[in-house]
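Novice: Below is model.tsv; it holds TSV, N, CA, C and O atoms.
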chain	number	residue	atom	x	y	z
D	14	MET	N	-11.43	4.85	15.95
D	14	MET	CA	-12.00	4.29	14.73
D	14	MET	C	-11.63	5.12	13.50
D	14	MET	O	-11.54	4.61	12.41
D	15	ALA	N	-11.40	6.41	13.72
D	15	ALA	CA	-11.03	7.27	12.59
D	15	ALA	C	-9.73	6.80	11.96
D	15	ALA	O	-9.57	6.87	10.75
D	16	ASN	N	-8.81	6.32	12.78
D	16	ASN	CA	-7.55	5.82	12.26
D	16	ASN	C	-7.78	4.62	11.35
D	16	ASN	O	-7.16	4.51	10.30
D	17	VAL	N	-8.68	3.73	11.73
D	17	VAL	CA	-9.01	2.57	10.91
D	17	VAL	C	-9.64	3.03	9.60
D	17	VAL	O	-9.27	2.55	8.52
D	18	ASN	N	-10.57	3.95	9.68
D	18	ASN	CA	-11.23	4.44	8.47
D	18	ASN	C	-10.25	5.12	7.53
D	18	ASN	O	-10.32	4.95	6.31
D	19	HIS	N	-9.33	5.88	8.10
D	19	HIS	CA	-8.31	6.53	7.28
D	19	HIS	C	-7.44	5.49	6.59
D	19	HIS	O	-7.17	5.59	5.39
D	20	LYS	N	-6.98	4.49	7.33
D	20	LYS	CA	-6.13	3.45	6.75
D	20	LYS	C	-6.88	2.67	5.66
D	20	LYS	O	-6.31	2.31	4.64
D	21	LYS	N	-8.18	2.43	5.87
D	21	LYS	CA	-8.98	1.75	4.85
D	21	LYS	C	-9.09	2.61	3.60
D	21	LYS	O	-9.06	2.10	2.48
D	22	SER	N	-9.21	3.91	3.77
D	22	SER	CA	-9.27	4.83	2.62
D	22	SER	C	-7.95	4.81	1.85
D	22	SER	O	-7.94	4.78	0.61
D	23	VAL	N	-6.86	4.84	2.59
D	23	VAL	CA	-5.54	4.79	1.95
D	23	VAL	C	-5.39	3.47	1.21
D	23	VAL	O	-4.91	3.43	0.06
D	24	ARG	N	-5.84	2.38	1.84
D	24	ARG	CA	-5.74	1.06	1.19
D	24	ARG	C	-6.58	1.03	-0.09
D	24	ARG	O	-6.13	0.50	-1.11
D	25	ARG	N	-7.77	1.63	-0.05
D	25	ARG	CA	-8.61	1.68	-1.26
D	25	ARG	C	-7.88	2.37	-2.40
D	25	ARG	O	-7.93	1.93	-3.55
D	26	GLY	N	-7.18	3.45	-2.09
D	26	GLY	CA	-6.42	4.15	-3.11
D	26	GLY	C	-5.30	3.30	-3.68
D	26	GLY	O	-5.10	3.24	-4.90
D	27	HIS	N	-4.59	2.60	-2.81
D	27	HIS	CA	-3.52	1.73	-3.28
D	27	HIS	C	-4.06	0.54	-4.05
D	27	HIS	O	-3.46	0.10	-5.04
D	28	ARG	N	-5.22	0.02	-3.63
D	28	ARG	CA	-5.83	-1.09	-4.37
D	28	ARG	C	-6.25	-0.64	-5.77
D	28	ARG	O	-6.10	-1.37	-6.74
D	29	ALA	N	-6.79	0.56	-5.86
D	29	ALA	CA	-7.19	1.09	-7.17
D	29	ALA	C	-5.97	1.22	-8.08
D	29	ALA	O	-6.02	0.85	-9.26
D	30	SER	N	-4.90	1.71	-7.52
D	30	SER	CA	-3.66	1.84	-8.28
D	30	SER	C	-3.14	0.46	-8.69
D	30	SER	O	-2.71	0.26	-9.84
D	31	ALA	N	-3.18	-0.49	-7.79
D	31	ALA	CA	-2.72	-1.85	-8.09
D	31	ALA	C	-3.59	-2.48	-9.18
D	31	ALA	O	-3.07	-3.18	-10.07
D	32	THR	N	-4.88	-2.23	-9.13
D	32	THR	CA	-5.78	-2.77	-10.15
D	32	THR	C	-5.42	-2.23	-11.53
D	32	THR	O	-5.40	-2.97	-12.51
D	33	GLN	N	-5.10	-0.95	-11.60
D	33	GLN	CA	-4.66	-0.36	-12.87
D	33	GLN	C	-3.37	-1.02	-13.35
D	33	GLN	O	-3.21	-1.30	-14.54
D	34	MET	N	-2.45	-1.28	-12.42
D	34	MET	CA	-1.20	-1.95	-12.78
D	34	MET	C	-1.46	-3.37	-13.29
D	34	MET	O	-0.82	-3.82	-14.25
D	35	VAL	N	-2.38	-4.07	-12.65
D	35	VAL	CA	-2.73	-5.43	-13.08
D	35	VAL	C	-3.29	-5.40	-14.49
D	35	VAL	O	-2.89	-6.20	-15.35
D	36	HIS	N	-4.19	-4.46	-14.76
D	36	HIS	CA	-4.76	-4.35	-16.11
D	36	HIS	C	-3.69	-4.00	-17.14
D	36	HIS	O	-3.68	-4.54	-18.25
D	37	LYS	N	-2.79	-3.13	-16.76
D	37	LYS	CA	-1.69	-2.75	-17.66
D	37	LYS	C	-0.82	-3.97	-17.96
D	37	LYS	O	-0.43	-4.20	-19.11
D	38	ALA	N	-0.51	-4.75	-16.93
D	38	ALA	CA	0.32	-5.94	-17.12
D	38	ALA	C	-0.40	-6.95	-18.01
D	38	ALA	O	0.22	-7.54	-18.92
D	39	GLN	N	-1.69	-7.18	-17.77
D	39	GLN	CA	-2.45	-8.12	-18.59
D	39	GLN	C	-2.48	-7.66	-20.04
D	39	GLN	O	-2.32	-8.48	-20.96
D	40	ASP	N	-2.66	-6.38	-20.27
D	40	ASP	CA	-2.68	-5.83	-21.61
D	40	ASP	C	-1.32	-6.01	-22.28
D	40	ASP	O	-1.24	-6.44	-23.43
D	41	LEU	N	-0.28	-5.71	-21.56
D	41	LEU	CA	1.07	-5.85	-22.11
D	41	LEU	C	1.39	-7.30	-22.42
D	41	LEU	O	1.97	-7.61	-23.47
D	42	LEU	N	1.00	-8.20	-21.55
D	42	LEU	CA	1.25	-9.63	-21.78
D	42	LEU	C	0.52	-10.13	-23.02
D	42	LEU	O	1.05	-10.96	-23.76
D	43	SER	N	-0.68	-9.63	-23.26
D	43	SER	CA	-1.43	-10.09	-24.42
D	43	SER	C	-0.99	-9.37	-25.70
D	43	SER	O	-1.03	-9.94	-26.78
D	44	ARG	N	-0.56	-8.13	-25.57
D	44	ARG	CA	-0.19	-7.32	-26.73
D	44	ARG	C	1.25	-7.54	-27.17
D	44	ARG	O	1.52	-7.73	-28.35
D	45	ASP	N	2.19	-7.49	-26.22
D	45	ASP	CA	3.61	-7.60	-26.57
D	45	ASP	C	4.38	-8.27	-25.44
D	45	ASP	O	5.06	-7.60	-24.65
D	46	PRO	N	4.31	-9.60	-25.38
D	46	PRO	CA	4.99	-10.31	-24.29
D	46	PRO	C	6.52	-10.32	-24.42
D	46	PRO	O	7.20	-10.91	-23.59
D	47	THR	N	7.05	-9.67	-25.45
D	47	THR	CA	8.50	-9.61	-25.60
D	47	THR	C	9.08	-8.26	-25.17
D	47	THR	O	10.28	-8.05	-25.28
D	48	ASP	N	8.26	-7.37	-24.68
D	48	ASP	CA	8.74	-6.08	-24.18
D	48	ASP	C	9.23	-6.29	-22.74
D	48	ASP	O	8.60	-5.90	-21.77
D	49	TYR	N	10.37	-6.95	-22.64
D	49	TYR	CA	10.88	-7.40	-21.33
D	49	TYR	C	11.15	-6.26	-20.37
D	49	TYR	O	10.91	-6.39	-19.17
D	50	ALA	N	11.61	-5.14	-20.87
D	50	ALA	CA	11.90	-4.00	-20.00
D	50	ALA	C	10.61	-3.49	-19.35
D	50	ALA	O	10.56	-3.25	-18.14
D	51	GLN	N	9.57	-3.34	-20.15
D	51	GLN	CA	8.30	-2.84	-19.62
D	51	GLN	C	7.68	-3.87	-18.67
D	51	GLN	O	7.12	-3.50	-17.63
D	52	LEU	N	7.78	-5.15	-19.01
D	52	LEU	CA	7.26	-6.20	-18.14
D	52	LEU	C	7.99	-6.22	-16.80
D	52	LEU	O	7.37	-6.36	-15.74
D	53	ALA	N	9.29	-6.06	-16.83
D	53	ALA	CA	10.08	-6.05	-15.59
D	53	ALA	C	9.73	-4.83	-14.74
D	53	ALA	O	9.59	-4.94	-13.51
D	54	LYS	N	9.56	-3.69	-15.39
D	54	LYS	CA	9.18	-2.47	-14.67
D	54	LYS	C	7.80	-2.63	-14.01
D	54	LYS	O	7.61	-2.26	-12.85
D	55	THR	N	6.88	-3.21	-14.74
D	55	THR	CA	5.54	-3.43	-14.21
D	55	THR	C	5.58	-4.41	-13.04
D	55	THR	O	4.91	-4.21	-12.03
D	56	ARG	N	6.39	-5.46	-13.16
D	56	ARG	CA	6.52	-6.44	-12.08
D	56	ARG	C	7.09	-5.79	-10.82
D	56	ARG	O	6.60	-6.00	-9.71
D	57	LEU	N	8.10	-4.96	-10.98
D	57	LEU	CA	8.69	-4.25	-9.84
D	57	LEU	C	7.67	-3.31	-9.19
D	57	LEU	O	7.58	-3.23	-7.95
D	58	SER	N	6.90	-2.62	-10.01
D	58	SER	CA	5.88	-1.72	-9.47
D	58	SER	C	4.84	-2.49	-8.68
D	58	SER	O	4.41	-2.06	-7.60
D	59	LEU	N	4.44	-3.64	-9.20
D	59	LEU	CA	3.47	-4.47	-8.48
D	59	LEU	C	4.05	-5.01	-7.18
D	59	LEU	O	3.35	-5.09	-6.18
D	60	GLN	N	5.31	-5.37	-7.19
D	60	GLN	CA	5.94	-5.85	-5.96
D	60	GLN	C	5.95	-4.76	-4.90
D	60	GLN	O	5.67	-5.03	-3.73
D	61	GLU	N	6.27	-3.55	-5.29
D	61	GLU	CA	6.27	-2.44	-4.34
D	61	GLU	C	4.86	-2.17	-3.81
D	61	GLU	O	4.67	-1.97	-2.62
D	62	LYS	N	3.88	-2.19	-4.71
D	62	LYS	CA	2.50	-1.96	-4.31
D	62	LYS	C	2.04	-3.08	-3.38
D	62	LYS	O	1.35	-2.83	-2.39
D	63	LEU	N	2.46	-4.29	-3.65
D	63	LEU	CA	2.10	-5.43	-2.81
D	63	LEU	C	2.66	-5.25	-1.40
D	63	LEU	O	1.98	-5.53	-0.41
D	64	SER	N	3.88	-4.76	-1.29
D	64	SER	CA	4.47	-4.51	0.02
D	64	SER	C	3.67	-3.47	0.81
D	64	SER	O	3.42	-3.64	2.00
D	65	VAL	N	3.28	-2.40	0.13
D	65	VAL	CA	2.50	-1.35	0.78
D	65	VAL	C	1.15	-1.92	1.24
D	65	VAL	O	0.71	-1.67	2.36
D	66	LEU	N	0.50	-2.68	0.37
D	66	LEU	CA	-0.81	-3.24	0.71
D	66	LEU	C	-0.72	-4.22	1.87
D	66	LEU	O	-1.57	-4.23	2.75
D	67	LYS	N	0.32	-5.05	1.88
D	67	LYS	CA	0.48	-6.00	2.98
D	67	LYS	C	0.65	-5.26	4.31
D	67	LYS	O	0.07	-5.66	5.33
D	68	LYS	N	1.43	-4.20	4.29
D	68	LYS	CA	1.65	-3.41	5.51
D	68	LYS	C	0.33	-2.79	5.99
D	68	LYS	O	-0.01	-2.87	7.17
D	69	LEU	N	-0.40	-2.19	5.06
D	69	LEU	CA	-1.69	-1.58	5.42
D	69	LEU	C	-2.67	-2.64	5.92
D	69	LEU	O	-3.38	-2.41	6.91
D	70	ASP	N	-2.72	-3.78	5.26
D	70	ASP	CA	-3.63	-4.84	5.69
D	70	ASP	C	-3.32	-5.29	7.11
D	70	ASP	O	-4.23	-5.49	7.92
D	71	ALA	N	-2.05	-5.45	7.42
D	71	ALA	CA	-1.66	-5.87	8.77
D	71	ALA	C	-2.05	-4.81	9.80
D	71	ALA	O	-2.55	-5.15	10.88
D	72	GLU	N	-1.85	-3.55	9.47
D	72	GLU	CA	-2.21	-2.47	10.39
D	72	GLU	C	-3.72	-2.43	10.60
D	72	GLU	O	-4.19	-2.23	11.73
D	73	ILE	N	-4.48	-2.63	9.54
D	73	ILE	CA	-5.94	-2.59	9.64
D	73	ILE	C	-6.44	-3.76	10.48
D	73	ILE	O	-7.30	-3.59	11.34
D	74	VAL	N	-5.91	-4.94	10.25
D	74	VAL	CA	-6.33	-6.12	11.03
D	74	VAL	C	-6.06	-5.90	12.51
D	74	VAL	O	-6.85	-6.30	13.37
D	75	ASP	N	-4.96	-5.23	12.82
D	75	ASP	CA	-4.65	-4.95	14.23
D	75	ASP	C	-5.63	-3.94	14.85
D	75	ASP	O	-5.79	-3.92	16.06
D	76	LEU	N	-6.27	-3.12	14.02
D	76	LEU	CA	-7.12	-2.05	14.53
D	76	LEU	C	-8.62	-2.36	14.52
D	76	LEU	O	-9.36	-1.72	15.26
D	77	VAL	N	-9.03	-3.31	13.69
D	77	VAL	CA	-10.47	-3.58	13.62
D	77	VAL	C	-10.93	-4.39	14.81
D	77	VAL	O	-10.14	-5.01	15.52
D	78	LYS	N	-12.24	-4.39	15.01
D	78	LYS	CA	-12.82	-5.18	16.09
D	78	LYS	C	-12.58	-6.66	15.82
D	78	LYS	O	-12.50	-7.09	14.68
D	79	GLU	N	-12.51	-7.41	16.90
D	79	GLU	CA	-12.19	-8.83	16.79
D	79	GLU	C	-13.13	-9.58	15.84
D	79	GLU	O	-12.69	-10.43	15.07
D	80	GLU	N	-14.39	-9.23	15.87
D	80	GLU	CA	-15.35	-9.93	15.01
D	80	GLU	C	-15.21	-9.57	13.53
D	80	GLU	O	-15.78	-10.23	12.67
D	81	GLU	N	-14.44	-8.54	13.21
D	81	GLU	CA	-14.23	-8.12	11.83
D	81	GLU	C	-12.94	-8.67	11.23
D	81	GLU	O	-12.71	-8.56	10.03
D	82	VAL	N	-12.10	-9.29	12.05
D	82	VAL	CA	-10.78	-9.75	11.59
D	82	VAL	C	-10.89	-10.77	10.47
D	82	VAL	O	-10.25	-10.64	9.42
D	83	ALA	N	-11.71	-11.79	10.64
D	83	ALA	CA	-11.83	-12.85	9.63
D	83	ALA	C	-12.31	-12.27	8.30
D	83	ALA	O	-11.79	-12.63	7.23
D	84	GLU	N	-13.28	-11.38	8.36
D	84	GLU	CA	-13.80	-10.76	7.14
D	84	GLU	C	-12.71	-9.95	6.43
D	84	GLU	O	-12.58	-10.01	5.20
D	85	GLU	N	-11.94	-9.18	7.18
D	85	GLU	CA	-10.85	-8.40	6.60
D	85	GLU	C	-9.83	-9.31	5.91
D	85	GLU	O	-9.38	-9.02	4.81
D	86	ILE	N	-9.48	-10.39	6.57
D	86	ILE	CA	-8.49	-11.32	6.00
D	86	ILE	C	-9.03	-11.96	4.73
D	86	ILE	O	-8.31	-12.06	3.72
D	87	GLU	N	-10.29	-12.37	4.72
D	87	GLU	CA	-10.89	-12.97	3.53
D	87	GLU	C	-10.92	-11.99	2.36
D	87	GLU	O	-10.57	-12.35	1.23
D	88	LYS	N	-11.32	-10.74	2.62
D	88	LYS	CA	-11.37	-9.74	1.56
D	88	LYS	C	-9.96	-9.49	1.00
D	88	LYS	O	-9.78	-9.36	-0.21
D	89	THR	N	-8.99	-9.43	1.89
D	89	THR	CA	-7.62	-9.20	1.47
D	89	THR	C	-7.12	-10.35	0.60
D	89	THR	O	-6.52	-10.13	-0.45
D	90	ASP	N	-7.38	-11.57	1.03
D	90	ASP	CA	-6.92	-12.73	0.27
D	90	ASP	C	-7.52	-12.78	-1.12
D	90	ASP	O	-6.83	-13.07	-2.10
D	91	MET	N	-8.81	-12.47	-1.22
D	91	MET	CA	-9.47	-12.48	-2.53
D	91	MET	C	-8.87	-11.41	-3.45
D	91	MET	O	-8.63	-11.65	-4.63
D	92	TYR	N	-8.60	-10.24	-2.90
D	92	TYR	CA	-8.04	-9.17	-3.71
D	92	TYR	C	-6.61	-9.50	-4.16
D	92	TYR	O	-6.26	-9.31	-5.32
D	93	MET	N	-5.82	-10.03	-3.26
D	93	MET	CA	-4.42	-10.32	-3.57
D	93	MET	C	-4.26	-11.42	-4.62
D	93	MET	O	-3.26	-11.47	-5.31
D	94	GLU	N	-5.27	-12.27	-4.75
D	94	GLU	CA	-5.19	-13.37	-5.71
D	94	GLU	C	-4.93	-12.87	-7.13
D	94	GLU	O	-4.11	-13.43	-7.86
D	95	ASP	N	-5.60	-11.80	-7.54
D	95	ASP	CA	-5.40	-11.24	-8.88
D	95	ASP	C	-3.97	-10.73	-9.05
D	95	ASP	O	-3.35	-10.93	-10.10
D	96	ILE	N	-3.46	-10.08	-8.04
D	96	ILE	CA	-2.10	-9.56	-8.11
D	96	ILE	C	-1.11	-10.71	-8.23
D	96	ILE	O	-0.20	-10.69	-9.05
D	97	TYR	N	-1.30	-11.75	-7.41
D	97	TYR	CA	-0.40	-12.90	-7.45
D	97	TYR	C	-0.46	-13.60	-8.81
D	97	TYR	O	0.57	-14.05	-9.32
D	98	ASP	N	-1.65	-13.71	-9.39
D	98	ASP	CA	-1.78	-14.35	-10.70
D	98	ASP	C	-0.96	-13.61	-11.75
D	98	ASP	O	-0.23	-14.22	-12.52
D	99	VAL	N	-1.11	-12.30	-11.79
D	99	VAL	CA	-0.39	-11.51	-12.79
D	99	VAL	C	1.12	-11.55	-12.53
D	99	VAL	O	1.91	-11.67	-13.46
D	100	MET	N	1.50	-11.49	-11.26
D	100	MET	CA	2.93	-11.54	-10.96
D	100	MET	C	3.53	-12.89	-11.39
D	100	MET	O	4.66	-12.94	-11.89
D	101	ALA	N	2.77	-13.96	-11.23
D	101	ALA	CA	3.26	-15.28	-11.66
D	101	ALA	C	3.45	-15.30	-13.18
D	101	ALA	O	4.45	-15.83	-13.68
D	102	LYS	N	2.52	-14.71	-13.90
D	102	LYS	CA	2.63	-14.64	-15.35
D	102	LYS	C	3.83	-13.80	-15.76
D	102	LYS	O	4.55	-14.14	-16.71
D	103	LEU	N	4.04	-12.70	-15.07
D	103	LEU	CA	5.20	-11.85	-15.36
D	103	LEU	C	6.49	-12.60	-15.08
D	103	LEU	O	7.48	-12.44	-15.82
D	104	GLU	N	6.52	-13.38	-14.04
D	104	GLU	CA	7.71	-14.17	-13.70
D	104	GLU	C	8.01	-15.18	-14.80
D	104	GLU	O	9.18	-15.44	-15.10
D	105	GLU	N	6.97	-15.78	-15.36
D	105	GLU	CA	7.16	-16.77	-16.42
D	105	GLU	C	7.86	-16.17	-17.64
D	105	GLU	O	8.67	-16.81	-18.28
D	106	VAL	N	7.50	-14.93	-17.93
D	106	VAL	CA	8.08	-14.25	-19.10
D	106	VAL	C	9.49	-13.82	-18.77
D	106	VAL	O	10.42	-13.95	-19.47
Could you show the structure in this file as structure tokens?

Specialist:
Amino acid sequence: MANVNHKKSVRRGHRASATQMVHKAQDLLSRDPTDYAQLAKTRLSLQEKLSVLKKLDAEIVDLVKEEEVAEEIEKTDMYMEDIYDVMAKLEEV
């Protein structure tokens, strides 16, 4: 169980970092949507963070008890929605 707890802690750290990136992207989109270099850099950073989070989520789902799997998937989906929304906006620009 310690392995699961450690992975969840690591995921919390990556989620916090991703949340900061989402806020930065939202701020940049509202403040200066023509700063294409910064927008592209932010989009790439979010893509990398998304890859890390997906990997951690898959590892955690494999390690949690069977009755916790659905809850983990639901929490992950809700969290990822914000990231996907911002990435879609970045793609539009």

Novice: Per residue of region 74-103 of chain D within 7 Å of region 22-43 of chain D, which atom pair is closest and at what distance in Å (one decimal), using all atoms listed in the file, listed by chain and increasing number, as a tab-separated table?

Specialist:
residue	atom	partner	partner_atom	distance
D:Asp95	O	D:Val35	CA	6.3
D:Ile96	CA	D:Val35	CA	6.5
D:Val99	CA	D:Val35	O	6.4

Novice: In Å, rounded to a single decimal, give me how far CA of His19 (chain D) is from CA of Leu57 (chain D).

Specialist: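 The value is 26.4 Å.
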
Novice: Can you tell me how far atom N of Ala101 (chain D) sits from atom O of Glu61 (chain D), in Å to one decimal?

Specialist: 14.9 Å

Novice: When you draw a straight line from CA of Asn18 (chain D) to CA of Gln60 (chain D), how long is it in Å?

Specialist: 24.7 Å

Novice: So that I can check the surroundings of Glu105 (chain D), please list as a VMD selection string every protein, DNA and RNA residue that reaches within 12 Å of it, counting only C-alpha atoms and ignoring chain neighbours fewer than 5 positions away.

Specialist: chain D and resid 42 46 to 47 49 52 to 53 56 98 to 100

Novice: Store the residues of this selection in a file with N, CA, C and O atoms, as an mmCIF file, keeping the file's coordinate frame.

Specialist:
data_model
loop_
_atom_site.group_PDB
_atom_site.id
_atom_site.type_symbol
_atom_site.label_atom_id
_atom_site.label_comp_id
_atom_site.auth_asym_id
_atom_site.auth_seq_id
_atom_site.Cartn_x
_atom_site.Cartn_y
_atom_site.Cartn_z
ATOM 1 N N LEU D 42 1.000 -8.200 -21.550
ATOM 2 C CA LEU D 42 1.250 -9.630 -21.780
ATOM 3 C C LEU D 42 0.520 -10.130 -23.020
ATOM 4 O O LEU D 42 1.050 -10.960 -23.760
ATOM 5 N N PRO D 46 4.310 -9.600 -25.380
ATOM 6 C CA PRO D 46 4.990 -10.310 -24.290
ATOM 7 C C PRO D 46 6.520 -10.320 -24.420
ATOM 8 O O PRO D 46 7.200 -10.910 -23.590
ATOM 9 N N THR D 47 7.050 -9.670 -25.450
ATOM 10 C CA THR D 47 8.500 -9.610 -25.600
ATOM 11 C C THR D 47 9.080 -8.260 -25.170
ATOM 12 O O THR D 47 10.280 -8.050 -25.280
ATOM 13 N N TYR D 49 10.370 -6.950 -22.640
ATOM 14 C CA TYR D 49 10.880 -7.400 -21.330
ATOM 15 C C TYR D 49 11.150 -6.260 -20.370
ATOM 16 O O TYR D 49 10.910 -6.390 -19.170
ATOM 17 N N LEU D 52 7.780 -5.150 -19.010
ATOM 18 C CA LEU D 52 7.260 -6.200 -18.140
ATOM 19 C C LEU D 52 7.990 -6.220 -16.800
ATOM 20 O O LEU D 52 7.370 -6.360 -15.740
ATOM 21 N N ALA D 53 9.290 -6.060 -16.830
ATOM 22 C CA ALA D 53 10.080 -6.050 -15.590
ATOM 23 C C ALA D 53 9.730 -4.830 -14.740
ATOM 24 O O ALA D 53 9.590 -4.940 -13.510
ATOM 25 N N ARG D 56 6.390 -5.460 -13.160
ATOM 26 C CA ARG D 56 6.520 -6.440 -12.080
ATOM 27 C C ARG D 56 7.090 -5.790 -10.820
ATOM 28 O O ARG D 56 6.600 -6.000 -9.710
ATOM 29 N N ASP D 98 -1.650 -13.710 -9.390
ATOM 30 C CA ASP D 98 -1.780 -14.350 -10.700
ATOM 31 C C ASP D 98 -0.960 -13.610 -11.750
ATOM 32 O O ASP D 98 -0.230 -14.220 -12.520
ATOM 33 N N VAL D 99 -1.110 -12.300 -11.790
ATOM 34 C CA VAL D 99 -0.390 -11.510 -12.790
ATOM 35 C C VAL D 99 1.120 -11.550 -12.530
ATOM 36 O O VAL D 99 1.910 -11.670 -13.460
ATOM 37 N N MET D 100 1.500 -11.490 -11.260
ATOM 38 C CA MET D 100 2.930 -11.540 -10.960
ATOM 39 C C MET D 100 3.530 -12.890 -11.390
ATOM 40 O O MET D 100 4.660 -12.940 -11.890
#

Novice: Can you sort out the box for region 41-55 of chain D, edges along x, y and z, all listed atoms in, 5 Å on every side, with centre and edge lengths in Å to one decimal, as AutoDock Vina command-line options?

Specialist:
--center_x 5.2 --center_y -6.6 --center_z -20.2 --size_x 23.3 --size_y 18.7 --size_z 26.3

Novice: Between D:Ile86, D:Asp45, D:Tyr97, D:Lys21, which is the closest to Leu69 (chain D) once you count only N, CA, C and O atoms?

Specialist: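 Ranking D:Ile86, D:Asp45, D:Tyr97, D:Lys21 by distance to Leu69 (chain D), first place goes to D:Lys21.
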
Novice: With only C-alpha atoms counted, which protein, DNA or RNA residues have an atom no more than 12 Å from (-2.7, -1.4, 11.3) in the file frame? Please answer as a compact mmCIF listing (two decimals) with N, CA, C and O atoms, in the coordinates of the input.

Specialist:
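The resulting point-v2.txt:
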# COMPACT_ATOMS: atom_id res chain seq x y z
N MET D 14 -11.43 4.85 15.95
CA MET D 14 -12.00 4.29 14.73
C MET D 14 -11.63 5.12 13.50
O MET D 14 -11.54 4.61 12.41
N ASN D 16 -8.81 6.32 12.78
CA ASN D 16 -7.55 5.82 12.26
C ASN D 16 -7.78 4.62 11.35
O ASN D 16 -7.16 4.51 10.30
N VAL D 17 -8.68 3.73 11.73
CA VAL D 17 -9.01 2.57 10.91
C VAL D 17 -9.64 3.03 9.60
O VAL D 17 -9.27 2.55 8.52
N ASN D 18 -10.57 3.95 9.68
CA ASN D 18 -11.23 4.44 8.47
C ASN D 18 -10.25 5.12 7.53
O ASN D 18 -10.32 4.95 6.31
N HIS D 19 -9.33 5.88 8.10
CA HIS D 19 -8.31 6.53 7.28
C HIS D 19 -7.44 5.49 6.59
O HIS D 19 -7.17 5.59 5.39
N LYS D 20 -6.98 4.49 7.33
CA LYS D 20 -6.13 3.45 6.75
C LYS D 20 -6.88 2.67 5.66
O LYS D 20 -6.31 2.31 4.64
N LYS D 21 -8.18 2.43 5.87
CA LYS D 21 -8.98 1.75 4.85
C LYS D 21 -9.09 2.61 3.60
O LYS D 21 -9.06 2.10 2.48
N VAL D 23 -6.86 4.84 2.59
CA VAL D 23 -5.54 4.79 1.95
C VAL D 23 -5.39 3.47 1.21
O VAL D 23 -4.91 3.43 0.06
N ARG D 24 -5.84 2.38 1.84
CA ARG D 24 -5.74 1.06 1.19
C ARG D 24 -6.58 1.03 -0.09
O ARG D 24 -6.13 0.50 -1.11
N VAL D 65 3.28 -2.40 0.13
CA VAL D 65 2.50 -1.35 0.78
C VAL D 65 1.15 -1.92 1.24
O VAL D 65 0.71 -1.67 2.36
N LEU D 66 0.50 -2.68 0.37
CA LEU D 66 -0.81 -3.24 0.71
C LEU D 66 -0.72 -4.22 1.87
O LEU D 66 -1.57 -4.23 2.75
N LYS D 67 0.32 -5.05 1.88
CA LYS D 67 0.48 -6.00 2.98
C LYS D 67 0.65 -5.26 4.31
O LYS D 67 0.07 -5.66 5.33
N LYS D 68 1.43 -4.20 4.29
CA LYS D 68 1.65 -3.41 5.51
C LYS D 68 0.33 -2.79 5.99
O LYS D 68 -0.01 -2.87 7.17
N LEU D 69 -0.40 -2.19 5.06
CA LEU D 69 -1.69 -1.58 5.42
C LEU D 69 -2.67 -2.64 5.92
O LEU D 69 -3.38 -2.41 6.91
N ASP D 70 -2.72 -3.78 5.26
CA ASP D 70 -3.63 -4.84 5.69
C ASP D 70 -3.32 -5.29 7.11
O ASP D 70 -4.23 -5.49 7.92
N ALA D 71 -2.05 -5.45 7.42
CA ALA D 71 -1.66 -5.87 8.77
C ALA D 71 -2.05 -4.81 9.80
O ALA D 71 -2.55 -5.15 10.88
N GLU D 72 -1.85 -3.55 9.47
CA GLU D 72 -2.21 -2.47 10.39
C GLU D 72 -3.72 -2.43 10.60
O GLU D 72 -4.19 -2.23 11.73
N ILE D 73 -4.48 -2.63 9.54
CA ILE D 73 -5.94 -2.59 9.64
C ILE D 73 -6.44 -3.76 10.48
O ILE D 73 -7.30 -3.59 11.34
N VAL D 74 -5.91 -4.94 10.25
CA VAL D 74 -6.33 -6.12 11.03
C VAL D 74 -6.06 -5.90 12.51
O VAL D 74 -6.85 -6.30 13.37
N ASP D 75 -4.96 -5.23 12.82
CA ASP D 75 -4.65 -4.95 14.23
C ASP D 75 -5.63 -3.94 14.85
O ASP D 75 -5.79 -3.92 16.06
N LEU D 76 -6.27 -3.12 14.02
CA LEU D 76 -7.12 -2.05 14.53
C LEU D 76 -8.62 -2.36 14.52
O LEU D 76 -9.36 -1.72 15.26
N VAL D 77 -9.03 -3.31 13.69
CA VAL D 77 -10.47 -3.58 13.62
C VAL D 77 -10.93 -4.39 14.81
O VAL D 77 -10.14 -5.01 15.52
N LYS D 78 -12.24 -4.39 15.01
CA LYS D 78 -12.82 -5.18 16.09
C LYS D 78 -12.58 -6.66 15.82
O LYS D 78 -12.50 -7.09 14.68
N VAL D 82 -12.10 -9.29 12.05
CA VAL D 82 -10.78 -9.75 11.59
C VAL D 82 -10.89 -10.77 10.47
O VAL D 82 -10.25 -10.64 9.42
N GLU D 85 -11.94 -9.18 7.18
CA GLU D 85 -10.85 -8.40 6.60
C GLU D 85 -9.83 -9.31 5.91
O GLU D 85 -9.38 -9.02 4.81

Novice: Would you please take region 37-52 of chain D of the structure in the block above and write C-alpha atoms to a file as a PDB file, in the first residue's frame?

Specialist:
ATOM      1  CA  LYS D  37      -0.910  30.461 -16.620  1.00  0.00           C
ATOM      2  CA  ALA D  38      -2.398  29.435 -19.972  1.00  0.00           C
ATOM      3  CA  GLN D  39      -5.792  30.940 -19.104  1.00  0.00           C
ATOM      4  CA  ASP D  40      -4.114  34.176 -18.038  1.00  0.00           C
ATOM      5  CA  LEU D  41      -2.034  34.318 -21.190  1.00  0.00           C
ATOM      6  CA  LEU D  42      -5.041  33.606 -23.397  1.00  0.00           C
ATOM      7  CA  SER D  43      -7.004  36.434 -21.803  1.00  0.00           C
ATOM      8  CA  ARG D  44      -4.087  38.871 -21.581  1.00  0.00           C
ATOM      9  CA  ASP D  45      -2.168  38.330 -24.834  1.00  0.00           C
ATOM     10  CA  PRO D  46      -3.567  35.685 -27.181  1.00  0.00           C
ATOM     11  CA  THR D  47      -1.047  36.728 -29.837  1.00  0.00           C
ATOM     12  CA  ASP D  48       2.039  35.631 -27.891  1.00  0.00           C
ATOM     13  CA  TYR D  49       2.232  32.490 -30.004  1.00  0.00           C
ATOM     14  CA  ALA D  50       5.652  31.399 -28.783  1.00  0.00           C
ATOM     15  CA  GLN D  51       4.588  31.472 -25.131  1.00  0.00           C
ATOM     16  CA  LEU D  52       1.268  29.776 -25.949  1.00  0.00           C
TER      17      LEU D  52
END
